[in-house]
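Enquirer: The structure's right below; bear with me while I get my questions together.
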Amino acid sequence: MKKAFNTKIFMVKLFLFFLLFFLLFFSMCSSHYISAEADFERLPTNVSIGGTHVLLVDHKGKVWAWGKSTKGQLGLGNTSDAYGPTLIPTLSNINSVVAGKEFSLALDQNGEVWSWGDNATGQLGMSTYANRTVPVKIPGLKNVVEIAAGNEHSMALKSDGSVWVWGSNVSGQLGLPAELDETPTPLKNDNLILIKKIAANGDNSLALRDDDKLFSWGSNGFGQLGDGTQSTRYSPVQVKGVNQISKIYQGMYHTAVITSDGSVWTWGAGFTGALGHNKNFLLPNKVDDIGHVKQLALTGLSTLALKEEGTVWGWGASAFGELAKEKNRTEDQMAAITQIKELDNIQSIYSQESTAMAFNKQGELYSWGSNKNLRLGIYSSELKTPQLINPIEIFSAKEIPLPPQNFRLERIDEHKIRVKWDAPQNAELISGYDIFVDDFFIDTENNTTFTKELNIDKVSGYTITVSSRNTAGERSEPTKGITIRPYSSLKYIYDAAGRLEYIEKGGKQILRYEYDNNGNLLRSIKMNP
């Protein structure tokens with residue numbers, strides 16, 4: 001009996017041991033799973049390399065920019081260049097960005113589009129031609145699911161499958177009649193319905209319909225429209241010879257698609273080997289010796305391909321090392337498909353002209369190729385080998401900065417105030433200070449003295465606050481608000497009896513009051529100083 005009882009106790013202990021082991025194992029697995037998810041969430045949502053600058057959306061929906069800003073295309077409120085990723089403080093909750101030649105677009109989580117930078121042909125969609133150095137929401141453009149941009153034109157795809165276009169149409173890139181050189185207001189292209197994907201680059205545009213039929217329009221000097229001709233098209237034409245298209249890519253001089261089986265098809269300019277062949281093609285041709293491709297990136301004279309296992313391959317010219325190869329390559333070498341062995345475990349690739357970038361699955365950013373217009377995000381003329389760039393902590397900061405200290409205002413005149421503050425103790429964390437009027441962002445400053453001209457006409461006044469900001473774009477608590485009210489230059493003069501005698505403005509009488517012997521007001525007399 002005792003032996004049986006001991007056996008039962010042993011079995012209970014054994015059960016509890018295995019239960020504890022199982023719980024610990026599950027806990028470890030769950031912890032690892034959460035960690036993996038966290039790492040995945042650190043990856044950027046979207047990157048776009050433009051003609052003069054680069055835009056990046058992080059996992060929090062914030063936008064970073066670097067490169068040239070001659071037209072305000074960085075969205076930082078000025079035309080100063082940025083050598084590395086710099087936060088655009090006025091944007092939040094952004095899903096995707098596209099960089100044109102000298103302008104930018106951003107699509108937010110509400111399906112609305114923001115634009116900034118060069119606006120010479122109306123590519124900002126604001127119904128005007130004024131440049132913008134900070135992002136401005138395009139009025140009336142809603143329910144957008146995808147955006148695209150070329151050199152000087154823009155496109156938006158709405159949830160109903162309609163395509164809206166604006167900017168330059170000199171080469172037919174809007175798909176509108178030739179008589180219309182440009183439009184600063186988004187117009188619906190009635191020739192495009194039930195569209196599910198769009199792309200643009202240079203003076204060309206692409207659209208993939210729900211039935212997987214592909215349409216192209218715009219410049220066609222190298223046959224990049226894929227319609228068998230080299231004629232400019234002012235309305236969409238169907239690309240024939242390739243089916244089951246899953247992804248579309250528009251380059252400066254050539255075009256490419258990925259089909260559902262992971263194959264790559266190319267057409268357009270091929271004299272540099274960018275098509276995977278040694279000649280131009282006016283119709284789509286399959287690229288041999290490569291498959292299982294999940295993403296493409298088209299530079300000006302070459303093509304990059306990301307395979308499903310995370311390796312990167314390329315073909316075409318490498319004048320600035322954009323294929324991580326030597327510049328001097330023979331014609332046969334240019335068309336050959338070669339692996340960029342320095343890159344592995346890659347999640348996404350991007351390119352434009354002669355600059356290329358890649359993010360690995362740990363969220364690290366590599367760049368290589370030409371540093372024209374400071375697009376590499378690093379101090380170098382060019383990089384023939386992909387190099388990790390971490391000029392700032394993009395994804396997270398170790399510490400939130402303290403608010404500015406000793407915040408005060410100084411009145412200059414009727415319309416100007418000077419905002420002043422002192423740097424807090426952990427000033428080394430701070431990349432800038434953001435100034436708010438009535439809780440609305442108005443500007444950002446690196447210095448601790450800031451002069452601002454305001455139309456101070458609201459009787460209730462304006463409340464001004466300042467917050468510190470770190471390199472990850474995280475703000476401190478704001479300072480205690482200071483309210484400034486309309487400036488009054490009037491001076492009221494009273495007599496010995498305490499009665500208002502006259503009113504001065506600028507040292508001169510403008511209104512005089514007269515009283516009777518009993519102290520009652522007789523009249524007020526306007527003066528002419």
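As shown in the structure tokens, the chain order sets the letters A, B, ...; within each chain, residues go from 1, and ligands are also counted from 1 in the order they appear.
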Tell me which protein, DNA and RNA residues are within 8 Å of Gln224 in chain A, counting only C-alpha atoms, leaving out same-chain ones fewer than 5 positions away, and put them as a ChimeraX atom specification.
Expert: /A:219,230,253-255,267-269,282
Enquirer: Can you write out the residues you just picked, keeping N, CA and C atoms, as a short mmCIF file (atom, residue, chain, number, x, y, z; two decimals), in the first residue's frame?
Expert:
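The result, stored in result_26.cif:
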data_model
loop_
_atom_site.label_atom_id
_atom_site.label_comp_id
_atom_site.auth_asym_id
_atom_site.auth_seq_id
_atom_site.Cartn_x
_atom_site.Cartn_y
_atom_site.Cartn_z
N SER A 219 6.97 59.64 -72.50
CA SER A 219 8.14 59.62 -73.39
C SER A 219 8.47 58.19 -73.81
N GLN A 230 8.61 53.78 -80.87
CA GLN A 230 9.37 54.78 -80.13
C GLN A 230 8.65 56.14 -80.20
N TYR A 253 14.93 55.13 -68.23
CA TYR A 253 15.00 54.81 -69.65
C TYR A 253 14.55 53.39 -69.97
N HIS A 254 14.22 52.60 -68.95
CA HIS A 254 13.73 51.26 -69.21
C HIS A 254 12.67 50.88 -68.18
N THR A 255 11.94 49.83 -68.48
CA THR A 255 10.81 49.40 -67.67
C THR A 255 10.93 47.92 -67.38
N TRP A 267 12.10 45.95 -70.88
CA TRP A 267 12.09 46.55 -72.21
C TRP A 267 12.54 48.01 -72.11
N GLY A 268 12.93 48.58 -73.27
CA GLY A 268 13.44 49.95 -73.30
C GLY A 268 14.91 50.00 -73.63
N ALA A 269 15.66 50.90 -72.98
CA ALA A 269 17.08 51.10 -73.26
C ALA A 269 17.90 49.93 -72.71
N LEU A 282 11.85 46.94 -77.88
CA LEU A 282 10.63 47.74 -77.92
C LEU A 282 9.44 47.00 -77.32
#
Enquirer: Identify, on the basis of only C-alpha atoms, every residue whose closest approach to Lys137 in chain A does not exceed 8 Å; exclude the query and any residue fewer than 4 positions from it along the same chain; express the result as a list in words.
Expert: Glu112, Val113, Trp114 and Ser115 of chain A
Enquirer: Store the residues picked out above in a file with C-alpha atoms, as a PDB file, in the first residue's frame.
Expert:
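Output file selection.pdb follows:
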ATOM      1  CA  GLU A 112      -4.728  62.107 -48.024  1.00  0.00           C
ATOM      2  CA  VAL A 113      -1.634  63.395 -49.866  1.00  0.00           C
ATOM      3  CA  TRP A 114       0.946  65.976 -48.780  1.00  0.00           C
ATOM      4  CA  SER A 115       3.371  67.747 -51.140  1.00  0.00           C
TER       5      SER A 115
END
Enquirer: Give me every strand (DSSP E or B) residue in range 124-335 of chain A, going by DSSP on the backbone, as a ChimeraX atom specification.
Expert: /A:132-137,144-149,153-158,163-168,182-188,195-201,204-209,214-218,233-239,245-250,254-259,264-268,281-286,293-298,302-307,312-316
Enquirer: Pick out the residues sitting within 6 Å of range 316-319 of chain A, and hand them over as a count of residues only; count only C-alpha atoms, and ignore anything fewer than 5 positions along from it in its own chain.
Expert: 8
Enquirer: For range 344-360 of chain A, list every protein, DNA or RNA residue within 9 Å, evaluated using only C-alpha atoms, and leave out those in the same chain fewer than 2 positions away; present the list as a ChimeraX atom specification.
Expert: /A:43-44,47-51,251-252,295-307,309-312,318-323,340-342,362-372,375-376,382,386
Enquirer: Would you mind exporting the chosen residues as a CSV table (one decimal), in the first residue's frame, restricted to N, CA and C atoms?
Expert:
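Writing done, so here's result.csv:
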chain,number,residue,atom,x,y,z
A,43,LEU,N,11.5,47.9,-39.1
A,43,LEU,CA,11.8,48.1,-40.5
A,43,LEU,C,11.1,49.3,-41.1
A,44,PRO,N,11.7,50.1,-42.0
A,44,PRO,CA,11.1,51.2,-42.6
A,44,PRO,C,9.8,50.8,-43.4
A,47,VAL,N,10.9,53.7,-48.6
A,47,VAL,CA,12.0,54.5,-48.9
A,47,VAL,C,11.8,54.9,-50.4
A,48,SER,N,12.2,56.2,-50.7
A,48,SER,CA,12.2,56.6,-52.1
A,48,SER,C,13.4,57.5,-52.4
A,49,ILE,N,14.1,57.2,-53.4
A,49,ILE,CA,15.3,58.0,-53.8
A,49,ILE,C,14.9,58.8,-55.0
A,50,GLY,N,15.0,60.1,-54.9
A,50,GLY,CA,14.6,61.0,-56.0
A,50,GLY,C,15.8,61.5,-56.8
A,51,GLY,N,15.6,62.5,-57.6
A,51,GLY,CA,16.7,63.0,-58.4
A,51,GLY,C,17.7,63.8,-57.6
A,251,GLY,N,11.7,52.8,-64.8
A,251,GLY,CA,13.0,53.4,-64.7
A,251,GLY,C,13.1,54.7,-65.5
A,252,MET,N,14.2,55.3,-65.5
A,252,MET,CA,14.4,56.6,-66.3
A,252,MET,C,14.3,56.2,-67.8
A,295,GLN,N,11.6,41.6,-55.6
A,295,GLN,CA,11.5,43.1,-55.8
A,295,GLN,C,12.6,43.5,-56.8
A,296,LEU,N,12.4,44.6,-57.5
A,296,LEU,CA,13.3,45.2,-58.4
A,296,LEU,C,13.6,46.6,-58.0
A,297,ALA,N,14.7,47.1,-58.4
A,297,ALA,CA,15.1,48.6,-58.3
A,297,ALA,C,15.8,49.0,-59.5
A,298,LEU,N,15.3,50.0,-60.2
A,298,LEU,CA,15.9,50.4,-61.5
A,298,LEU,C,16.7,51.6,-61.4
A,299,THR,N,18.0,51.6,-61.6
A,299,THR,CA,18.8,52.8,-61.6
A,299,THR,C,18.7,53.3,-63.1
A,300,GLY,N,19.5,54.4,-63.4
A,300,GLY,CA,19.4,54.9,-64.7
A,300,GLY,C,19.8,54.0,-65.8
A,301,LEU,N,20.9,53.2,-65.5
A,301,LEU,CA,21.5,52.4,-66.6
A,301,LEU,C,21.8,51.0,-66.1
A,302,SER,N,21.1,50.5,-65.1
A,302,SER,CA,21.2,49.2,-64.6
A,302,SER,C,20.0,48.7,-63.8
A,303,THR,N,19.9,47.5,-63.4
A,303,THR,CA,18.8,46.9,-62.7
A,303,THR,C,19.3,46.1,-61.6
A,304,LEU,N,18.6,46.2,-60.4
A,304,LEU,CA,18.9,45.4,-59.2
A,304,LEU,C,17.7,44.5,-59.0
A,305,ALA,N,18.0,43.3,-58.5
A,305,ALA,CA,16.9,42.3,-58.2
A,305,ALA,C,17.1,41.7,-56.8
A,306,LEU,N,16.1,41.7,-56.0
A,306,LEU,CA,16.2,41.0,-54.7
A,306,LEU,C,15.4,39.7,-54.8
A,307,LYS,N,16.2,38.6,-54.5
A,307,LYS,CA,15.6,37.3,-54.6
A,307,LYS,C,14.9,37.0,-53.3
A,309,GLU,N,15.3,34.6,-51.1
A,309,GLU,CA,16.1,34.2,-50.0
A,309,GLU,C,16.9,35.4,-49.4
A,310,GLY,N,16.8,36.6,-49.9
A,310,GLY,CA,17.4,37.8,-49.4
A,310,GLY,C,18.7,38.2,-50.0
A,311,THR,N,19.1,37.6,-51.1
A,311,THR,CA,20.3,38.0,-51.9
A,311,THR,C,20.0,39.0,-52.9
A,312,VAL,N,21.0,39.8,-53.3
A,312,VAL,CA,20.8,40.9,-54.3
A,312,VAL,C,21.6,40.6,-55.5
A,318,SER,N,27.9,50.1,-64.4
A,318,SER,CA,28.2,50.3,-63.0
A,318,SER,C,29.2,51.5,-63.0
A,319,ALA,N,28.8,52.6,-63.7
A,319,ALA,CA,29.7,53.7,-63.8
A,319,ALA,C,30.1,54.3,-62.5
A,320,PHE,N,29.2,54.3,-61.5
A,320,PHE,CA,29.5,54.8,-60.2
A,320,PHE,C,29.5,53.7,-59.1
A,321,GLY,N,29.7,52.5,-59.5
A,321,GLY,CA,29.7,51.4,-58.6
A,321,GLY,C,28.3,51.0,-58.1
A,322,GLU,N,27.3,51.3,-58.8
A,322,GLU,CA,25.9,51.0,-58.4
A,322,GLU,C,25.6,49.5,-58.4
A,323,LEU,N,26.5,48.7,-59.0
A,323,LEU,CA,26.4,47.3,-58.9
A,323,LEU,C,27.5,46.7,-58.1
A,340,ILE,N,25.7,40.7,-55.8
A,340,ILE,CA,26.3,41.7,-55.0
A,340,ILE,C,26.6,40.9,-53.6
A,341,LYS,N,27.8,40.3,-53.5
A,341,LYS,CA,28.0,39.4,-52.4
A,341,LYS,C,28.1,40.1,-51.1
A,342,GLU,N,28.3,41.4,-51.1
A,342,GLU,CA,28.4,42.1,-49.8
A,342,GLU,C,27.0,42.2,-49.1
A,362,GLN,N,17.3,43.3,-40.2
A,362,GLN,CA,17.5,43.9,-38.8
A,362,GLN,C,17.2,45.4,-38.9
A,363,GLY,N,16.9,45.9,-40.0
A,363,GLY,CA,16.5,47.3,-40.1
A,363,GLY,C,17.7,48.2,-40.3
A,364,GLU,N,18.9,47.6,-40.8
A,364,GLU,CA,20.1,48.4,-41.0
A,364,GLU,C,20.1,48.9,-42.5
A,365,LEU,N,20.5,50.1,-42.7
A,365,LEU,CA,20.5,50.7,-44.0
A,365,LEU,C,21.9,50.7,-44.6
A,366,TYR,N,22.0,50.2,-45.9
A,366,TYR,CA,23.2,50.3,-46.6
A,366,TYR,C,23.0,51.1,-47.9
A,367,SER,N,24.0,51.9,-48.3
A,367,SER,CA,23.9,52.6,-49.5
A,367,SER,C,25.2,52.5,-50.3
A,368,TRP,N,25.1,52.7,-51.6
A,368,TRP,CA,26.3,52.6,-52.4
A,368,TRP,C,26.0,53.3,-53.8
A,369,GLY,N,27.1,53.5,-54.6
A,369,GLY,CA,26.9,54.1,-55.9
A,369,GLY,C,27.3,55.6,-55.8
A,370,SER,N,26.7,56.4,-56.6
A,370,SER,CA,27.0,57.8,-56.6
A,370,SER,C,26.5,58.6,-55.4
A,371,ASN,N,27.2,59.6,-54.9
A,371,ASN,CA,26.7,60.5,-53.9
A,371,ASN,C,26.3,61.8,-54.5
A,372,LYS,N,25.9,61.8,-55.7
A,372,LYS,CA,25.4,63.0,-56.3
A,372,LYS,C,24.2,63.6,-55.5
A,375,ARG,N,22.9,62.0,-51.8
A,375,ARG,CA,21.9,61.0,-51.6
A,375,ARG,C,22.3,59.8,-50.8
A,376,LEU,N,23.6,59.5,-50.7
A,376,LEU,CA,24.1,58.4,-50.0
A,376,LEU,C,23.9,58.5,-48.5
A,382,GLU,N,31.6,58.6,-53.8
A,382,GLU,CA,30.9,57.4,-54.3
A,382,GLU,C,31.4,56.2,-53.5
A,386,PRO,N,28.7,48.4,-50.8
A,386,PRO,CA,27.6,48.8,-49.9
A,386,PRO,C,28.2,49.1,-48.5
Enquirer: Please list as a tab-separated table (two decimals) with N, CA and C atoms, in the first residue's frame every residue within 6 Å of range 158-161 of chain A, counting only C-alpha atoms and excluding residues in the same chain fewer than 5 positions away.
Expert:
chain	number	residue	atom	x	y	z
A	143	ASN	N	-9.12	59.42	-50.17
A	143	ASN	CA	-9.26	57.99	-50.46
A	143	ASN	C	-8.15	57.48	-51.38
A	144	VAL	N	-6.96	58.03	-51.22
A	144	VAL	CA	-5.81	57.62	-52.03
A	144	VAL	C	-5.14	56.40	-51.39
A	145	VAL	N	-4.76	55.42	-52.21
A	145	VAL	CA	-4.11	54.21	-51.70
A	145	VAL	C	-2.66	54.06	-52.19
A	193	ILE	N	-9.34	52.95	-65.67
A	193	ILE	CA	-10.35	52.50	-64.70
A	193	ILE	C	-9.92	51.17	-64.10
A	194	LEU	N	-10.38	50.90	-62.90
A	194	LEU	CA	-10.12	49.63	-62.22
A	194	LEU	C	-8.62	49.34	-62.14
A	195	ILE	N	-7.85	50.38	-61.84
A	195	ILE	CA	-6.40	50.23	-61.73
A	195	ILE	C	-6.05	49.77	-60.31
Enquirer: Would you mind reading off the distance between CA of Ile337 in chain A and CA of Leu388 in chain A, one decimal, in Å?
Expert: 23.9 Å
Enquirer: Which parts of range 259-421 of chain A does DSSP call alpha helix (DSSP H) when run on the backbone here, written out as an MDAnalysis selection string?
Expert: chainID A and resid 331:335
Enquirer: Name the closest residue to Asp261 in chain A among the candidates A:Ser246, A:Gln173, A:Asn280, A:Asn78; distances are taken between atoms, counting only C-alpha atoms.
Expert: A:Ser246
Enquirer: Measuring atom to atom with only C-alpha atoms, identify which of A:Thr338, A:Gln425, A:Ser168, A:Gln250 is nearest to Tyr129 in chain A.
Expert: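 Ranked by minimum distance to Tyr129 in chain A, first place goes to A:Ser168.
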Enquirer: Measuring between only C-alpha atoms, which one of A:Leu402, A:Leu56, A:Ile198, A:Leu76 shows the shortest distance to Ile94 in chain A?
Expert: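 The closest residue to Ile94 in chain A is A:Leu56.
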Enquirer: Hey, what's within 9 Å of Glu445 in chain A if we count only C-alpha atoms and toss same-chain stuff fewer than 6 positions away? As a VMD selection string, please?
Expert: chain A and resid 432 to 435
Enquirer: State, in Å with one decimal place, the distance from CA of Gln123 in chain A to CA of Thr185 in chain A.
Expert: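 Between CA of Gln123 in chain A and CA of Thr185 in chain A the gap works out to 8.5 Å.
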Enquirer: Using only C-alpha atoms, which of A:Tyr83, A:Glu152, A:Pro284, A:Val466 sits nearest Phe440 in chain A?
Expert: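 Smallest separation from Phe440 in chain A among the options: A:Val466.
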